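To keep things clear, I will list the structure first and then write my remarks on it.
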Amino acid sequence: KGRNTTETEHVKLGAYHTLDLDVNRPVKIEKDEWDGLDIDRLRELADPAASADVCVLLITEGLANLALVGGSMTVFKAKVEKAMPRKSGAAAMGYGKALGTFHKNVMAALESKVNFEKVKCVVVAGPG
């Protein structure tokens, strides 16, 4: 639980200590001996997507955002955008093709960014 076992000038004996880490700021951890469980835990924490068990796809016409949700954080993995022609008028003829391309790009993002062996659920949300 982070209880200090030796006293230092910064932390008293038996006191709890906290370490604050900032996003995109490098961290170097040194230890004489590493336990296998510690190494596994560090690898898992280094890749938040590895512990995600839910995938969320927020989708609307021409825009999709893909996120992985784990017990302690949410990580946005992909944004898929496609300019969509109007549904009426002369541009309407290209609408179906553009929509098909958009859906293919969304599926490609899902297949490349989501480990379906670990993800238990995919939530798809959007209007309509």
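Identifiers for the structure tokens are assigned positionally: chains receive A, B, ... in sequence, residues are indexed from 1 per chain, and ligands are indexed from 1 in the order shown.
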
Stretch 37-116 of chain A: residues DSSP assigns to alpha helix (DSSP H), reported as a list of chain:residue names: A:Leu37, A:Asp38, A:Ile39, A:Asp40, A:Arg41, A:Leu42, A:Arg43, A:Glu44, A:Leu45, A:Ala46, A:Tyr95, A:Gly96, A:Lys97, A:Ala98, A:Leu99, A:Gly100, A:Thr101, A:Phe102, A:His103, A:Lys104, A:Asn105, A:Val106, A:Met107, A:Ala108, A:Ala109, A:Leu110, A:Glu111, A:Ser112, A:Lys113

Excluding A:Val80 and its own-chain neighbours fewer than 4 positions away, which residues fall within 8 Å of it when counting only C-alpha atoms? Please give them as a PDB file with C-alpha atoms, in the first residue's frame.
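Saved to result.pdb:
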ATOM      1  CA  GLY A  62     -18.678  10.075 -41.776  1.00  0.00           C
ATOM      2  CA  LEU A  63     -17.098  10.071 -38.303  1.00  0.00           C
ATOM      3  CA  ALA A  64     -16.222   7.230 -35.928  1.00  0.00           C
ATOM      4  CA  ASN A  65     -14.195   7.225 -32.701  1.00  0.00           C
ATOM      5  CA  PHE A 102     -16.413   4.616 -44.581  1.00  0.00           C
ATOM      6  CA  ASN A 105     -12.391   1.897 -42.920  1.00  0.00           C
ATOM      7  CA  VAL A 106     -14.212   1.559 -39.584  1.00  0.00           C
ATOM      8  CA  ALA A 109      -9.712   0.172 -37.531  1.00  0.00           C
TER       9      ALA A 109
END

Who sits within 8 Å of A:Lys120, only C-alpha atoms, same chain under 2 positions skipped, as a VMD selection string: chain A and resid 53 to 54 116 to 118 122

Can you spit out the residues from that selection as a CSV table (one decimal), in the first residue's frame, using N, CA, C and O atoms?
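See again28.csv below for the written result:
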chain,number,residue,atom,x,y,z
A,53,ASP,N,-11.2,-4.4,-21.5
A,53,ASP,CA,-12.2,-5.5,-21.7
A,53,ASP,C,-13.4,-5.1,-22.4
A,53,ASP,O,-14.3,-5.9,-22.8
A,54,VAL,N,-13.5,-3.8,-22.7
A,54,VAL,CA,-14.7,-3.3,-23.5
A,54,VAL,C,-14.2,-2.3,-24.6
A,54,VAL,O,-13.3,-1.5,-24.3
A,116,PHE,N,-9.5,-9.0,-29.9
A,116,PHE,CA,-10.8,-9.6,-29.6
A,116,PHE,C,-10.7,-10.9,-28.7
A,116,PHE,O,-11.7,-11.4,-28.3
A,117,GLU,N,-9.4,-11.3,-28.4
A,117,GLU,CA,-9.2,-12.4,-27.4
A,117,GLU,C,-9.4,-11.8,-26.0
A,117,GLU,O,-9.7,-12.6,-25.1
A,118,LYS,N,-9.2,-10.5,-25.8
A,118,LYS,CA,-9.3,-9.9,-24.5
A,118,LYS,C,-10.6,-9.1,-24.3
A,118,LYS,O,-11.1,-9.0,-23.2
A,122,VAL,N,-18.3,-5.3,-27.3
A,122,VAL,CA,-18.1,-4.1,-28.2
A,122,VAL,C,-19.5,-3.3,-28.2
A,122,VAL,O,-20.5,-3.9,-28.5

Shell of 10 Å around A:Gly14, only C-alpha atoms, local chain residues under 6 positions omitted, as an mmCIF file with C-alpha atoms, in the first residue's frame:
data_model
loop_
_atom_site.group_PDB
_atom_site.id
_atom_site.type_symbol
_atom_site.label_atom_id
_atom_site.label_comp_id
_atom_site.auth_asym_id
_atom_site.auth_seq_id
_atom_site.Cartn_x
_atom_site.Cartn_y
_atom_site.Cartn_z
ATOM 1 C CA GLY A 2 2.984 2.329 -0.264
ATOM 2 C CA ARG A 3 4.008 2.320 3.377
ATOM 3 C CA ASN A 4 7.581 3.463 3.952
ATOM 4 C CA THR A 5 9.792 0.845 5.674
ATOM 5 C CA THR A 6 12.868 3.038 6.072
ATOM 6 C CA GLU A 7 12.986 6.661 7.117
#

DSSP strand (DSSP E) residues within chain A, listed as JSON, numbers by chain: {"A": [54, 55, 56, 57, 58, 59, 60, 63, 64, 65, 66, 67, 68, 69, 74, 75, 76, 77, 78, 79, 80, 81, 121, 122, 123, 124, 125]}

Could you take the residues named above and write them with C-alpha atoms, as a short mmCIF file (atom, residue, chain, number, x, y, z; two decimals), in the first residue's frame?
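What follows is the written file result.cif:
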data_model
loop_
_atom_site.label_atom_id
_atom_site.label_comp_id
_atom_site.auth_asym_id
_atom_site.auth_seq_id
_atom_site.Cartn_x
_atom_site.Cartn_y
_atom_site.Cartn_z
CA VAL A 54 -14.70 -3.25 -23.46
CA CYS A 55 -14.48 -1.56 -26.85
CA VAL A 56 -16.67 1.47 -27.59
CA LEU A 57 -17.34 2.66 -31.12
CA LEU A 58 -19.03 6.06 -31.33
CA ILE A 59 -20.23 6.42 -34.89
CA THR A 60 -22.15 8.94 -36.92
CA LEU A 63 -17.10 10.07 -38.30
CA ALA A 64 -16.22 7.23 -35.93
CA ASN A 65 -14.20 7.22 -32.70
CA LEU A 66 -12.86 3.96 -31.29
CA ALA A 67 -11.97 3.65 -27.60
CA LEU A 68 -10.85 0.82 -25.33
CA VAL A 69 -12.17 0.89 -21.78
CA THR A 74 -10.14 4.80 -21.32
CA VAL A 75 -7.81 5.03 -24.32
CA PHE A 76 -8.89 6.44 -27.67
CA LYS A 77 -7.33 4.24 -30.34
CA ALA A 78 -8.64 5.50 -33.66
CA LYS A 79 -10.59 8.23 -35.40
CA VAL A 80 -12.06 7.43 -38.80
CA GLU A 81 -13.30 10.30 -40.97
CA CYS A 121 -17.87 -6.59 -25.36
CA VAL A 122 -18.14 -4.09 -28.22
CA VAL A 123 -20.56 -1.20 -27.70
CA VAL A 124 -21.65 0.61 -30.88
CA ALA A 125 -23.43 3.92 -30.28
#

Residue among A:Asp38, A:Glu61, A:Glu111, A:Asp20 lying closest to A:Tyr95, counting only C-alpha atoms: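 Answer, going by the shortest atom-to-atom distance: A:Glu61.
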
Residue nearest A:Met73 among A:Ala52, A:Ala46, A:Pro85, A:Met93 (counting only C-alpha atoms):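 With only C-alpha atoms as the atom set, the closest residue is A:Ala52.
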
Computed interatomic separation between atom CA of A:Leu42 and atom CA of A:Val114 (Å):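 Straight-line distance from atom CA of A:Leu42 to atom CA of A:Val114 works out to 20.5 Å.
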
For atom CA of A:Ala92 and atom CA of A:Ala108, the interatomic separation in Å (one decimal):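 Computed distance, atom CA of A:Ala92 to atom CA of A:Ala108, equals 25.0 Å.
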